[in-house]
$ cat coords15.txt   # compact mmCIF, C-alpha atoms
# COMPACT_ATOMS: atom_id res chain seq x y z
CA MET A 1 14.55 183.45 -28.91
CA ARG A 2 13.04 180.91 -31.28
CA PRO A 3 15.85 178.90 -32.91
CA THR A 4 14.25 178.83 -36.38
CA LYS A 5 16.23 181.04 -38.77
CA ALA A 6 17.09 181.72 -42.39
CA VAL A 7 20.85 182.08 -42.76
CA VAL A 8 21.70 184.56 -45.53
CA ASP A 9 25.28 184.60 -46.81
CA LEU A 10 25.80 188.14 -48.10
CA GLU A 11 29.36 187.38 -49.19
CA ALA A 12 27.95 184.68 -51.47
CA LEU A 13 25.42 187.15 -52.86
CA THR A 14 28.16 189.67 -53.61
CA ALA A 15 30.29 186.96 -55.24
CA ASN A 16 27.30 185.87 -57.35
CA THR A 17 26.84 189.46 -58.48
CA VAL A 18 30.48 189.71 -59.51
CA GLU A 19 30.10 186.55 -61.63
CA LEU A 20 26.79 187.65 -63.17
CA ALA A 21 28.17 191.11 -63.96
CA ARG A 22 31.07 189.41 -65.73
CA ARG A 23 28.66 187.36 -67.83
CA ALA A 24 26.50 190.40 -68.61
CA ALA A 25 29.36 192.73 -69.59
CA PRO A 26 29.45 195.15 -71.25
CA ALA A 27 25.78 195.47 -70.27
CA GLU A 28 24.94 196.90 -66.86
CA LEU A 29 23.43 194.69 -64.17
CA CYS A 30 20.11 195.44 -62.48
CA ALA A 31 19.72 193.34 -59.32
CA VAL A 32 16.06 192.50 -58.71
CA VAL A 33 15.30 192.72 -54.99
CA LYS A 34 11.50 192.78 -55.08
CA ALA A 35 9.42 190.69 -52.64
CA ASP A 36 11.87 191.49 -49.83
CA GLY A 37 14.78 190.33 -51.96
CA TYR A 38 13.05 187.03 -52.79
CA GLY A 39 12.81 186.46 -49.05
CA HIS A 40 16.48 187.25 -48.40
CA GLY A 41 15.88 190.85 -47.23
CA SER A 42 15.70 193.61 -49.82
CA VAL A 43 17.98 196.16 -48.16
CA ALA A 44 20.71 193.65 -47.27
CA ALA A 45 20.47 191.97 -50.68
CA GLY A 46 20.49 195.30 -52.50
CA ARG A 47 23.58 196.54 -50.71
CA ALA A 48 25.41 193.24 -51.29
CA ALA A 49 24.52 193.29 -54.99
CA LEU A 50 25.68 196.89 -55.41
CA ALA A 51 28.94 195.96 -53.70
CA GLY A 52 29.36 193.21 -56.30
CA GLY A 53 28.95 195.44 -59.32
CA ALA A 54 25.23 195.88 -59.88
CA THR A 55 24.48 199.47 -60.89
CA TRP A 56 20.66 199.33 -60.66
CA LEU A 57 18.12 197.72 -58.35
CA GLY A 58 14.70 196.50 -59.47
CA VAL A 59 11.52 196.30 -57.38
CA ALA A 60 7.83 195.69 -58.04
CA LEU A 61 6.16 198.20 -55.71
CA VAL A 62 6.59 201.84 -54.86
CA GLU A 63 6.82 201.00 -51.17
CA GLU A 64 9.67 198.59 -51.91
CA GLY A 65 11.58 201.41 -53.58
CA VAL A 66 10.84 203.76 -50.69
CA GLU A 67 12.17 201.17 -48.22
CA LEU A 68 15.48 201.10 -50.08
CA ARG A 69 15.68 204.90 -50.22
CA ASP A 70 14.87 205.16 -46.50
CA ALA A 71 17.78 202.77 -45.86
CA GLY A 72 20.14 205.13 -47.66
CA VAL A 73 20.38 203.37 -51.04
CA THR A 74 21.17 205.98 -53.72
CA ALA A 75 21.51 203.76 -56.83
CA PRO A 76 18.85 203.99 -59.57
CA ILE A 77 15.76 201.95 -58.65
CA LEU A 78 13.54 200.62 -61.43
CA LEU A 79 9.85 199.97 -60.77
CA LEU A 80 8.99 196.90 -62.83
CA SER A 81 5.27 197.70 -63.05
CA GLU A 82 3.53 200.98 -63.78
CA PRO A 83 2.54 202.62 -60.48
CA ARG A 84 -1.05 203.69 -59.94
CA PRO A 85 -1.64 207.34 -60.90
CA ASN A 86 -1.96 208.42 -57.26
CA GLU A 87 1.46 206.89 -56.48
CA MET A 88 3.39 208.97 -59.02
CA VAL A 89 3.93 211.82 -56.54
CA GLU A 90 5.77 209.41 -54.24
CA VAL A 91 7.71 208.05 -57.22
CA VAL A 92 9.04 211.52 -57.98
CA GLU A 93 9.63 212.38 -54.34
CA HIS A 94 11.85 209.31 -53.83
CA ASP A 95 13.63 209.47 -57.19
CA LEU A 96 12.33 206.14 -58.49
CA ARG A 97 12.33 205.16 -62.17
CA PRO A 98 8.82 204.02 -63.11
CA SER A 99 7.89 201.67 -65.90
CA VAL A 100 5.05 203.13 -67.96
CA TYR A 101 2.80 201.60 -70.60
CA SER A 102 -0.53 203.44 -70.57
CA PRO A 103 -1.66 206.98 -71.47
CA GLU A 104 -3.02 207.34 -67.93
CA GLY A 105 0.33 206.36 -66.44
CA LEU A 106 2.19 208.81 -68.67
CA ALA A 107 -0.17 211.64 -67.77
CA ALA A 108 0.15 210.97 -64.04
CA ALA A 109 3.94 210.72 -64.26
CA ALA A 110 4.17 214.00 -66.19
CA ALA A 111 1.85 215.79 -63.76
CA ALA A 112 3.78 214.62 -60.71
CA ALA A 113 7.08 215.65 -62.28
CA ALA A 114 5.71 219.07 -63.29
CA ASN A 115 4.38 219.70 -59.78
CA ALA A 116 7.84 218.93 -58.38
CA ASP A 117 9.56 220.98 -61.10
CA ARG A 118 11.63 217.95 -62.09
CA ARG A 119 12.26 215.86 -65.20
CA LEU A 120 11.31 212.27 -64.49
CA PRO A 121 13.15 209.42 -66.27
CA VAL A 122 10.74 206.65 -67.30
CA HIS A 123 11.10 203.20 -68.86
CA LEU A 124 8.62 202.20 -71.54
CA LYS A 125 7.55 198.55 -71.09
CA ILE A 126 6.66 196.65 -74.28
CA ASP A 127 4.57 193.49 -74.05
CA THR A 128 6.05 191.22 -76.71
CA GLY A 129 3.84 188.25 -75.94
CA MET A 130 3.73 187.44 -72.24
CA ASN A 131 0.39 189.28 -71.98
CA ARG A 132 0.85 190.40 -68.40
CA VAL A 133 1.61 194.14 -68.47
CA GLY A 134 3.09 196.45 -71.06
CA ALA A 135 2.12 198.28 -74.22
CA ARG A 136 1.51 196.26 -77.35
CA PRO A 137 4.32 196.59 -79.91
CA ASP A 138 2.16 198.64 -82.30
CA ASP A 139 1.47 201.14 -79.50
CA GLY A 140 5.09 201.42 -78.36
CA PRO A 141 6.24 204.09 -80.85
CA LEU A 142 3.09 206.14 -80.17
CA LEU A 143 3.76 206.11 -76.43
CA ALA A 144 7.42 206.92 -77.03
CA ARG A 145 6.35 209.99 -79.03
CA ALA A 146 3.96 210.96 -76.23
CA ILE A 147 6.82 210.76 -73.73
CA ALA A 148 9.09 212.81 -76.00
CA ALA A 149 6.37 215.45 -76.27
CA LYS A 150 6.23 215.95 -72.51
CA ALA A 151 8.94 218.29 -71.25
CA ASP A 152 8.67 216.78 -67.77
CA LEU A 153 9.50 213.22 -68.87
CA GLN A 154 12.65 211.56 -70.22
CA LEU A 155 12.55 208.24 -72.09
CA GLU A 156 15.42 206.62 -70.21
CA GLY A 157 14.71 203.01 -71.14
CA VAL A 158 12.65 200.67 -73.31
CA TRP A 159 12.25 197.10 -72.15
CA THR A 160 10.42 193.81 -72.40
CA HIS A 161 10.24 190.56 -70.45
CA CYS A 162 10.73 187.02 -71.78
CA ALA A 163 8.18 184.39 -70.81
CA VAL A 164 10.03 181.15 -71.68
CA ALA A 165 13.73 182.03 -71.68
CA ASP A 166 14.42 178.96 -69.52
CA GLU A 167 13.03 176.70 -72.28
CA LEU A 168 16.07 176.53 -74.50
CA ASP A 169 14.42 174.93 -77.50
CA ASN A 170 11.32 177.11 -77.42
CA PRO A 171 11.44 179.57 -80.35
CA PHE A 172 9.14 182.05 -78.62
CA THR A 173 12.04 183.85 -76.92
CA ASP A 174 13.50 184.67 -80.34
CA ILE A 175 10.05 185.82 -81.50
CA GLN A 176 9.74 188.13 -78.49
CA LEU A 177 13.18 189.63 -79.06
CA GLU A 178 12.44 190.13 -82.77
CA ARG A 179 9.23 191.99 -81.87
CA TYR A 180 11.18 194.05 -79.34
CA GLU A 181 13.88 194.98 -81.86
CA ARG A 182 11.24 196.07 -84.37
CA VAL A 183 9.88 198.46 -81.74
CA LEU A 184 13.38 199.79 -81.07
CA GLY A 185 13.84 200.37 -84.79
CA SER A 186 10.66 202.42 -85.02
CA LEU A 187 11.24 204.77 -82.08
CA PRO A 188 11.06 208.49 -82.85
CA ASP A 189 14.18 210.62 -83.18
CA ARG A 190 15.58 211.74 -79.83
CA ASP A 191 15.96 215.38 -80.90
CA GLY A 192 19.71 215.44 -80.46
CA LEU A 193 19.73 213.87 -77.01
CA PRO A 194 22.86 211.79 -76.37
CA GLY A 195 22.41 208.13 -77.28
CA PRO A 196 19.34 205.91 -77.53
CA PRO A 197 17.24 204.89 -74.51
CA ARG A 198 18.66 202.08 -72.39
CA ARG A 199 17.53 198.72 -73.84
CA HIS A 200 16.87 195.76 -71.54
CA ALA A 201 15.16 192.43 -72.04
CA ALA A 202 17.33 189.72 -70.45
CA ASN A 203 16.34 188.04 -67.21
CA SER A 204 18.37 185.41 -65.33
CA ALA A 205 17.42 182.63 -67.75
CA LEU A 206 18.31 184.58 -70.86
CA LEU A 207 21.62 185.73 -69.39
CA LEU A 208 22.61 182.21 -68.32
CA SER A 209 21.67 180.67 -71.68
CA ALA A 210 23.11 183.43 -73.90
CA SER A 211 26.66 182.10 -73.58
CA ARG A 212 25.74 178.58 -74.72
CA PRO A 213 27.30 177.63 -78.06
CA ASP A 214 23.88 176.65 -79.41
CA ALA A 215 22.23 179.94 -78.40
CA SER A 216 20.63 181.82 -81.28
CA PRO A 217 22.27 185.07 -82.42
CA ILE A 218 19.40 187.18 -81.14
CA ARG A 219 19.48 185.42 -77.77
CA ARG A 220 23.24 186.06 -77.55
CA ARG A 221 22.81 189.77 -78.24
CA GLY A 222 19.74 189.94 -75.97
CA ARG A 223 21.84 191.30 -73.13
CA TYR A 224 21.59 194.72 -74.84
CA ASP A 225 22.44 197.58 -72.45
CA MET A 226 21.21 196.13 -69.14
CA VAL A 227 20.36 192.72 -67.72
CA ARG A 228 17.82 192.25 -64.93
CA VAL A 229 18.87 189.34 -62.72
CA GLY A 230 16.64 187.95 -60.02
CA ILE A 231 16.78 184.28 -59.02
CA ALA A 232 20.36 183.73 -60.23
CA LEU A 233 21.51 186.51 -57.90
CA TYR A 234 20.53 184.23 -55.02
CA GLY A 235 22.43 181.25 -56.44
CA LEU A 236 19.35 179.38 -57.66
CA SER A 237 18.48 178.10 -61.11
CA PRO A 238 15.64 179.74 -63.08
CA GLY A 239 14.77 176.36 -64.59
CA THR A 240 15.72 172.71 -64.34
CA ARG A 241 17.31 172.76 -67.79
CA LEU A 242 19.62 175.56 -66.69
CA ALA A 243 20.89 173.80 -63.57
CA GLY A 244 24.35 173.35 -65.10
CA ASP A 245 24.53 177.00 -66.12
CA ILE A 246 24.60 178.26 -62.52
CA SER A 247 28.02 176.70 -61.99
CA GLY A 248 30.10 179.28 -60.17
CA LEU A 249 27.10 180.67 -58.27
CA GLN A 250 26.49 179.90 -54.60
CA PRO A 251 23.14 179.40 -52.84
CA VAL A 252 22.69 182.39 -50.57
CA MET A 253 20.03 181.19 -48.13
CA GLY A 254 19.82 178.25 -45.76
CA LEU A 255 16.83 177.37 -43.58
CA GLN A 256 17.40 175.89 -40.14
CA ALA A 257 15.30 174.89 -37.16
CA GLU A 258 15.72 172.78 -34.03
CA VAL A 259 14.35 169.57 -32.60
CA SER A 260 12.00 170.60 -29.80
CA TYR A 261 10.85 167.16 -28.63
CA VAL A 262 11.47 163.46 -29.27
CA LYS A 263 9.01 160.71 -28.47
CA ALA A 264 8.68 156.96 -28.99
CA VAL A 265 5.79 155.92 -31.25
CA ARG A 266 4.49 152.37 -31.40
CA ALA A 267 3.71 150.33 -34.50
CA GLY A 268 0.17 151.06 -35.69
CA GLU A 269 0.07 154.61 -34.32
CA ALA A 270 -0.28 157.63 -36.61
CA VAL A 271 0.95 161.21 -36.59
CA SER A 272 -0.32 164.78 -37.09
CA TYR A 273 -3.66 166.16 -38.28
CA GLY A 274 -5.74 163.68 -40.20
CA LEU A 275 -3.48 160.84 -39.03
CA ALA A 276 -2.24 160.71 -42.63
CA HIS A 277 0.91 158.73 -41.80
CA ARG A 278 0.73 155.48 -39.84
CA PHE A 279 3.84 153.66 -38.62
CA ASP A 280 4.28 149.97 -39.42
CA SER A 281 6.94 149.52 -36.73
CA ASP A 282 8.14 151.16 -33.53
CA ARG A 283 9.87 154.48 -34.28
CA ARG A 284 11.29 157.57 -32.67
CA VAL A 285 9.68 160.78 -33.92
CA ALA A 286 11.26 164.22 -33.62
CA THR A 287 9.10 167.33 -33.50
CA VAL A 288 10.75 170.32 -35.20
CA ALA A 289 9.98 173.97 -34.45
CA ILE A 290 8.94 175.13 -37.91
CA GLY A 291 5.62 174.93 -39.74
CA TYR A 292 3.60 176.15 -42.67
CA ALA A 293 3.30 179.61 -41.12
CA ASP A 294 7.07 179.80 -41.61
CA GLY A 295 7.11 178.55 -45.20
CA ALA A 296 7.35 174.77 -44.77
CA ARG A 297 4.50 173.61 -46.99
CA ARG A 298 1.68 171.69 -45.30
CA ASP A 299 1.99 168.71 -47.66
CA TYR A 300 5.80 168.49 -47.59
CA GLY A 301 5.82 165.23 -45.66
CA LEU A 302 3.16 163.72 -47.91
CA ARG A 303 5.37 164.48 -50.93
CA GLY A 304 8.50 162.77 -49.65
CA GLY A 305 10.10 165.84 -48.06
CA GLN A 306 13.28 165.35 -46.06
CA VAL A 307 15.40 167.26 -43.56
CA LEU A 308 18.92 166.82 -42.22
CA ILE A 309 19.54 165.90 -38.58
CA ARG A 310 22.99 164.85 -37.38
CA GLY A 311 24.21 164.76 -40.95
CA ARG A 312 21.59 162.29 -42.18
CA ARG A 313 18.56 162.68 -44.42
CA ARG A 314 15.37 161.89 -42.56
CA PRO A 315 11.77 161.90 -43.84
CA VAL A 316 9.14 164.40 -42.77
CA VAL A 317 5.99 162.43 -41.86
CA GLY A 318 2.34 163.40 -41.78
CA VAL A 319 1.09 166.87 -42.56
CA VAL A 320 3.12 169.90 -41.50
CA THR A 321 1.24 171.95 -38.92
CA MET A 322 1.23 175.72 -38.50
CA ASP A 323 4.22 175.84 -36.12
CA GLN A 324 5.75 172.35 -36.17
CA LEU A 325 6.58 169.34 -38.31
CA MET A 326 7.42 165.75 -37.45
CA VAL A 327 10.39 163.67 -38.61
CA ASP A 328 10.79 159.89 -38.63
CA CYS A 329 14.12 159.11 -36.95
CA GLY A 330 13.75 155.33 -37.16
CA LEU A 331 15.19 153.75 -34.03
CA ASP A 332 18.05 156.27 -33.79
CA GLY A 333 18.43 157.02 -30.11
CA ASP A 334 21.01 159.75 -30.72
CA VAL A 335 18.53 162.39 -31.93
CA SER A 336 17.53 164.66 -29.07
CA ALA A 337 15.91 167.99 -28.30
CA GLY A 338 18.17 170.87 -29.28
CA ASP A 339 19.64 169.17 -32.36
CA GLU A 340 19.99 171.39 -35.43
CA VAL A 341 17.61 170.62 -38.30
CA VAL A 342 18.44 171.76 -41.83
CA LEU A 343 15.59 172.16 -44.31
CA ILE A 344 17.68 174.01 -46.91
CA GLY A 345 21.46 173.95 -46.80
CA SER A 346 24.23 171.60 -45.76
CA GLN A 347 25.00 169.50 -42.72
CA GLY A 348 27.94 167.16 -42.67
CA ASP A 349 28.34 165.62 -46.12
CA GLU A 350 24.68 166.04 -47.04
CA SER A 351 22.86 169.00 -48.54
CA ILE A 352 19.34 169.92 -49.60
CA ARG A 353 18.92 172.70 -52.16
CA ALA A 354 15.85 174.86 -52.68
CA GLU A 355 15.57 173.33 -56.15
CA GLU A 356 15.12 169.88 -54.57
CA VAL A 357 12.42 171.17 -52.25
CA ALA A 358 10.69 172.82 -55.21
CA ALA A 359 10.77 169.61 -57.25
CA ARG A 360 9.11 167.66 -54.43
CA LEU A 361 6.40 170.31 -54.16
CA ASP A 362 5.91 170.57 -57.94
CA THR A 363 6.80 174.27 -57.91
CA ILE A 364 9.83 176.50 -58.55
CA PRO A 365 12.62 177.60 -56.19
CA TYR A 366 11.38 181.20 -56.39
CA GLU A 367 8.26 180.18 -54.45
CA VAL A 368 10.24 178.15 -51.92
CA VAL A 369 12.44 181.07 -50.81
CA CYS A 370 9.71 183.71 -51.11
CA ASP A 371 7.42 181.63 -48.87
CA ILE A 372 9.82 181.74 -45.91
CA GLY A 373 7.78 183.87 -43.52
CA ARG A 374 8.69 187.07 -41.74
CA ARG A 375 8.61 185.43 -38.32
CA VAL A 376 11.63 183.39 -39.40
CA ARG A 377 14.45 185.69 -38.37
CA ARG A 378 17.14 186.41 -40.95
CA HIS A 379 20.67 185.78 -39.76
CA TYR A 380 23.18 187.63 -41.99
CA ARG A 381 26.78 186.65 -42.30

$ encode --input "coords15.txt" --output "structure tokens"
Amino acid sequence: MRPTKAVVDLEALTANTVELARRAAPAELCAVVKADGYGHGSVAAGRAALAGGATWLGVALVEEGVELRDAGVTAPILLLSEPRPNEMVEVVEHDLRPSVYSPEGLAAAAAAAANADRRLPVHLKIDTGMNRVGARPDDGPLLARAIAAKADLQLEGVWTHCAVADELDNPFTDIQLERYERVLGSLPDRDGLPGPPRRHAANSALLLSASRPDASPIRRRGRYDMVRVGIALYGLSPGTRLAGDISGLQPVMGLQAEVSYVKAVRAGEAVSYGLAHRFDSDRRVATVAIGYADGARRDYGLRGGQVLIRGRRRPVVGVVTMDQLMVDCGLDGDVSAGDEVVLIGSQGDESIRAEEVAARLDTIPYEVVCDIGRRVRRHYR
């Protein structure tokens, strides 16, 4: 079996959930496990998060919710985007909670619920300024009344999503929450139903920053009734300025491969496609069994990317190929085929975090872990 693997520490994920649930309390915690649990495995991640105190799971697609149900997950599952009208039957069949924000979505949800003789809980999404999906604030009360008028629907939640919660000095998060609270204040009477709909707006960044002494009052109360945590669940920071706020959280995933071949390269010779890296002295070069088809970006070596071999940082050289990358080992004669290579994680006294990889690639850690391909086997511990 190919030695390349992503090592997923489920105990760390459960411990992270315990800590995040503590910070969110008394709000509930919704663990976001979309995109195959940010590359960690949605079913395994979902179960570990529920074991740590999450009470909801969040996904993007109907099929992601169905996968969790087929695996035996019974917790409430929130669909973070409005399903297409023809998917609402499957939503009802698998007891998923859809987000809705259009008249067409409401009509399809009500029809599917009526056909199944069930009352479907829905969550009304309000777009408070991100301009991705959601009803405009002025339309929110109208849609809430439309939901209340349909006997087959229940307004279980009203929510929004913050675009710049990781930018601590950006006032737009407060503006979004103010718009959201105005919508909440204008919702129609619930006709004697117990309590208001569940309110949720906080993502990982808002949760982590809400406990700061300089957080605004509205940011501090932005945890409302439920917090949706994604990247923090996996022990990663939602932004460079929040790196200190993830203290107490553990990275959940490591990425490992193996040296497959070592060769001597002479001064003046070059390496990989395009011969983009030329050696100015004799070197030993290790070929490693992982490539861009596995999630190691093609330009990683050109951007100063490093790996760990025998407890030392070593530079990736040349362009990463589909199945392999090359590492400059200097004149170290100890590196040999079969040696473990760490791209993300720890080896000896050294470690490389996903945030470091992201910084070299001018991206975010979300993309780094989500890019780890399916042919990289997940090893759970």

$ atom_distance --input "coords15.txt" --atom1 "CA of Ile352 (chain A)" --atom2 "CA of Thr240 (chain A)"
15.4 Å

$ residues_near_point --input "coords15.txt" --point "(3.1, 156.5, -33.0)" --cutoff "10 Å" --atoms "all atoms listed in the file" --output "PyMOL selection string"
chain A and resi 263-272+275+277-285

$ closest_residue --input "coords15.txt" --among "A:Asp245, A:Asp189, A:Glu178, A:Glu350" --to "Cys162 (chain A)" --atoms "only C-alpha atoms"
A:Glu178

$ closest_residue --input "coords15.txt" --among "A:Arg212, A:Arg179, A:Arg97, A:Arg374" --to "Leu155 (chain A)" --atoms "all atoms listed in the file"
A:Arg97

$ closest_residue --input "coords15.txt" --among "A:Leu187, A:Ile147, A:Ala286, A:Ile126" --to "Asp334 (chain A)" --atoms "only C-alpha atoms"
A:Ala286

$ atom_distance --input "coords15.txt" --atom1 "CA of Asp214 (chain A)" --atom2 "CA of Leu168 (chain A)"
9.2 Å

$ atom_distance --input "coords15.txt" --atom1 "CA of Arg221 (chain A)" --atom2 "CA of Asp127 (chain A)"
19.1 Å

$ closest_residue --input "coords15.txt" --among "A:Thr17, A:Thr55, A:Ser81, A:Thr4" --to "Lys34 (chain A)" --atoms "all atoms listed in the file"
A:Ser81

$ residues_around --input "coords15.txt" --residues "Val43 (chain A)" --least-positions-apart "5" --cutoff "9 Å" --atoms "only C-alpha atoms" --output "list in words"
Val33, Asp36, Gly37, Ala48, Glu67, Leu68, Ala71 and Val73 of chain A

$ residues_around --input "coords15.txt" --residues "Gly239 (chain A)" --least-positions-apart "4" --cutoff "8 Å" --atoms "only C-alpha atoms" --output "list in words"
Asp166, Glu167, Ala205, Ala243 and Ile364 of chain A

$ closest_residue --input "coords15.txt" --among "A:Glu19, A:Asp299, A:Asp328, A:Glu340" --to "Leu361 (chain A)" --atoms "all atoms listed in the file"
A:Asp299

$ residues_around --input "coords15.txt" --residues "Gly72 (chain A)" --least-positions-apart "6" --cutoff "12 Å" --atoms "only C-alpha atoms" --output "ChimeraX atom specification"
/A:43-44,46-47,65-66,94

$ write_last_selection --input "coords15.txt" --atoms "C-alpha atoms" --output "PDB file, in the coordinates of the input"
ATOM      1  CA  VAL A  43      17.980 196.160 -48.160  1.00  0.00           C
ATOM      2  CA  ALA A  44      20.710 193.650 -47.270  1.00  0.00           C
ATOM      3  CA  GLY A  46      20.490 195.300 -52.500  1.00  0.00           C
ATOM      4  CA  ARG A  47      23.580 196.540 -50.710  1.00  0.00           C
ATOM      5  CA  GLY A  65      11.580 201.410 -53.580  1.00  0.00           C
ATOM      6  CA  VAL A  66      10.840 203.760 -50.690  1.00  0.00           C
ATOM      7  CA  HIS A  94      11.850 209.310 -53.830  1.00  0.00           C
TER       8      HIS A  94
END

$ residues_around --input "coords15.txt" --residues "Gln154 (chain A)" --least-positions-apart "2" --cutoff "8 Å" --atoms "only C-alpha atoms" --output "PyMOL selection string"
chain A and resi 119-122+147-148+151-152+156

$ residues_around --input "coords15.txt" --residues "Leu79 (chain A)" --least-positions-apart "2" --cutoff "8 Å" --atoms "all atoms listed in the file" --output "PDB file with C-alpha atoms, keeping the file's coordinate frame"
ATOM      1  CA  GLY A  58      14.700 196.500 -59.470  1.00  0.00           C
ATOM      2  CA  VAL A  59      11.520 196.300 -57.380  1.00  0.00           C
ATOM      3  CA  ALA A  60       7.830 195.690 -58.040  1.00  0.00           C
ATOM      4  CA  LEU A  61       6.160 198.200 -55.710  1.00  0.00           C
ATOM      5  CA  VAL A  62       6.590 201.840 -54.860  1.00  0.00           C
ATOM      6  CA  GLY A  65      11.580 201.410 -53.580  1.00  0.00           C
ATOM      7  CA  ILE A  77      15.760 201.950 -58.650  1.00  0.00           C
ATOM      8  CA  SER A  81       5.270 197.700 -63.050  1.00  0.00           C
ATOM      9  CA  GLU A  82       3.530 200.980 -63.780  1.00  0.00           C
ATOM     10  CA  PRO A  83       2.540 202.620 -60.480  1.00  0.00           C
ATOM     11  CA  LEU A  96      12.330 206.140 -58.490  1.00  0.00           C
ATOM     12  CA  ARG A  97      12.330 205.160 -62.170  1.00  0.00           C
ATOM     13  CA  PRO A  98       8.820 204.020 -63.110  1.00  0.00           C
ATOM     14  CA  SER A  99       7.890 201.670 -65.900  1.00  0.00           C
TER      15      SER A  99
END

$ decode --input "coords15.txt" --residues "region 246-259 of chain A" --atoms "N, CA, C and O atoms" --output "PDB file, in the first residue's frame"
ATOM      1  N   ILE A 246      -6.276  30.530  19.291  1.00  0.00           N
ATOM      2  CA  ILE A 246      -6.534  29.084  19.208  1.00  0.00           C
ATOM      3  C   ILE A 246      -5.715  28.322  20.245  1.00  0.00           C
ATOM      4  O   ILE A 246      -5.638  27.091  20.185  1.00  0.00           O
ATOM      5  N   SER A 247      -5.114  29.044  21.182  1.00  0.00           N
ATOM      6  CA  SER A 247      -4.423  28.377  22.286  1.00  0.00           C
ATOM      7  C   SER A 247      -5.387  27.431  22.985  1.00  0.00           C
ATOM      8  O   SER A 247      -6.525  27.786  23.285  1.00  0.00           O
ATOM      9  N   GLY A 248      -4.934  26.226  23.225  1.00  0.00           N
ATOM     10  CA  GLY A 248      -5.807  25.209  23.815  1.00  0.00           C
ATOM     11  C   GLY A 248      -6.427  24.281  22.796  1.00  0.00           C
ATOM     12  O   GLY A 248      -7.030  23.268  23.170  1.00  0.00           O
ATOM     13  N   LEU A 249      -6.287  24.611  21.509  1.00  0.00           N
ATOM     14  CA  LEU A 249      -6.779  23.744  20.439  1.00  0.00           C
ATOM     15  C   LEU A 249      -5.607  23.032  19.778  1.00  0.00           C
ATOM     16  O   LEU A 249      -4.515  23.588  19.667  1.00  0.00           O
ATOM     17  N   GLN A 250      -5.843  21.793  19.333  1.00  0.00           N
ATOM     18  CA  GLN A 250      -4.774  20.979  18.768  1.00  0.00           C
ATOM     19  C   GLN A 250      -5.009  20.749  17.280  1.00  0.00           C
ATOM     20  O   GLN A 250      -6.132  20.429  16.882  1.00  0.00           O
ATOM     21  N   PRO A 251      -3.962  20.875  16.446  1.00  0.00           N
ATOM     22  CA  PRO A 251      -4.133  20.487  15.039  1.00  0.00           C
ATOM     23  C   PRO A 251      -4.557  19.028  14.949  1.00  0.00           C
ATOM     24  O   PRO A 251      -4.014  18.175  15.654  1.00  0.00           O
ATOM     25  N   VAL A 252      -5.493  18.745  14.099  1.00  0.00           N
ATOM     26  CA  VAL A 252      -6.072  17.400  14.031  1.00  0.00           C
ATOM     27  C   VAL A 252      -5.407  16.555  12.944  1.00  0.00           C
ATOM     28  O   VAL A 252      -5.306  15.341  13.086  1.00  0.00           O
ATOM     29  N   MET A 253      -4.947  17.187  11.878  1.00  0.00           N
ATOM     30  CA  MET A 253      -4.425  16.421  10.746  1.00  0.00           C
ATOM     31  C   MET A 253      -2.931  16.628  10.540  1.00  0.00           C
ATOM     32  O   MET A 253      -2.430  17.748  10.629  1.00  0.00           O
ATOM     33  N   GLY A 254      -2.240  15.538  10.255  1.00  0.00           N
ATOM     34  CA  GLY A 254      -0.865  15.569   9.780  1.00  0.00           C
ATOM     35  C   GLY A 254      -0.797  14.932   8.406  1.00  0.00           C
ATOM     36  O   GLY A 254      -1.637  14.091   8.062  1.00  0.00           O
ATOM     37  N   LEU A 255       0.179  15.318   7.608  1.00  0.00           N
ATOM     38  CA  LEU A 255       0.333  14.766   6.257  1.00  0.00           C
ATOM     39  C   LEU A 255       1.730  14.186   6.137  1.00  0.00           C
ATOM     40  O   LEU A 255       2.728  14.894   6.355  1.00  0.00           O
ATOM     41  N   GLN A 256       1.797  12.901   5.803  1.00  0.00           N
ATOM     42  CA  GLN A 256       3.073  12.190   5.766  1.00  0.00           C
ATOM     43  C   GLN A 256       3.243  11.445   4.447  1.00  0.00           C
ATOM     44  O   GLN A 256       2.263  11.023   3.822  1.00  0.00           O
ATOM     45  N   ALA A 257       4.481  11.305   4.044  1.00  0.00           N
ATOM     46  CA  ALA A 257       4.815  10.510   2.863  1.00  0.00           C
ATOM     47  C   ALA A 257       6.118   9.778   3.158  1.00  0.00           C
ATOM     48  O   ALA A 257       6.511   9.645   4.328  1.00  0.00           O
ATOM     49  N   GLU A 258       6.788   9.317   2.115  1.00  0.00           N
ATOM     50  CA  GLU A 258       7.991   8.504   2.293  1.00  0.00           C
ATOM     51  C   GLU A 258       8.975   8.793   1.172  1.00  0.00           C
ATOM     52  O   GLU A 258       8.566   9.042   0.024  1.00  0.00           O
ATOM     53  N   VAL A 259      10.247   8.788   1.517  1.00  0.00           N
ATOM     54  CA  VAL A 259      11.274   8.890   0.482  1.00  0.00           C
ATOM     55  C   VAL A 259      11.243   7.616  -0.362  1.00  0.00           C
ATOM     56  O   VAL A 259      11.314   6.503   0.172  1.00  0.00           O
TER      57      VAL A 259
END
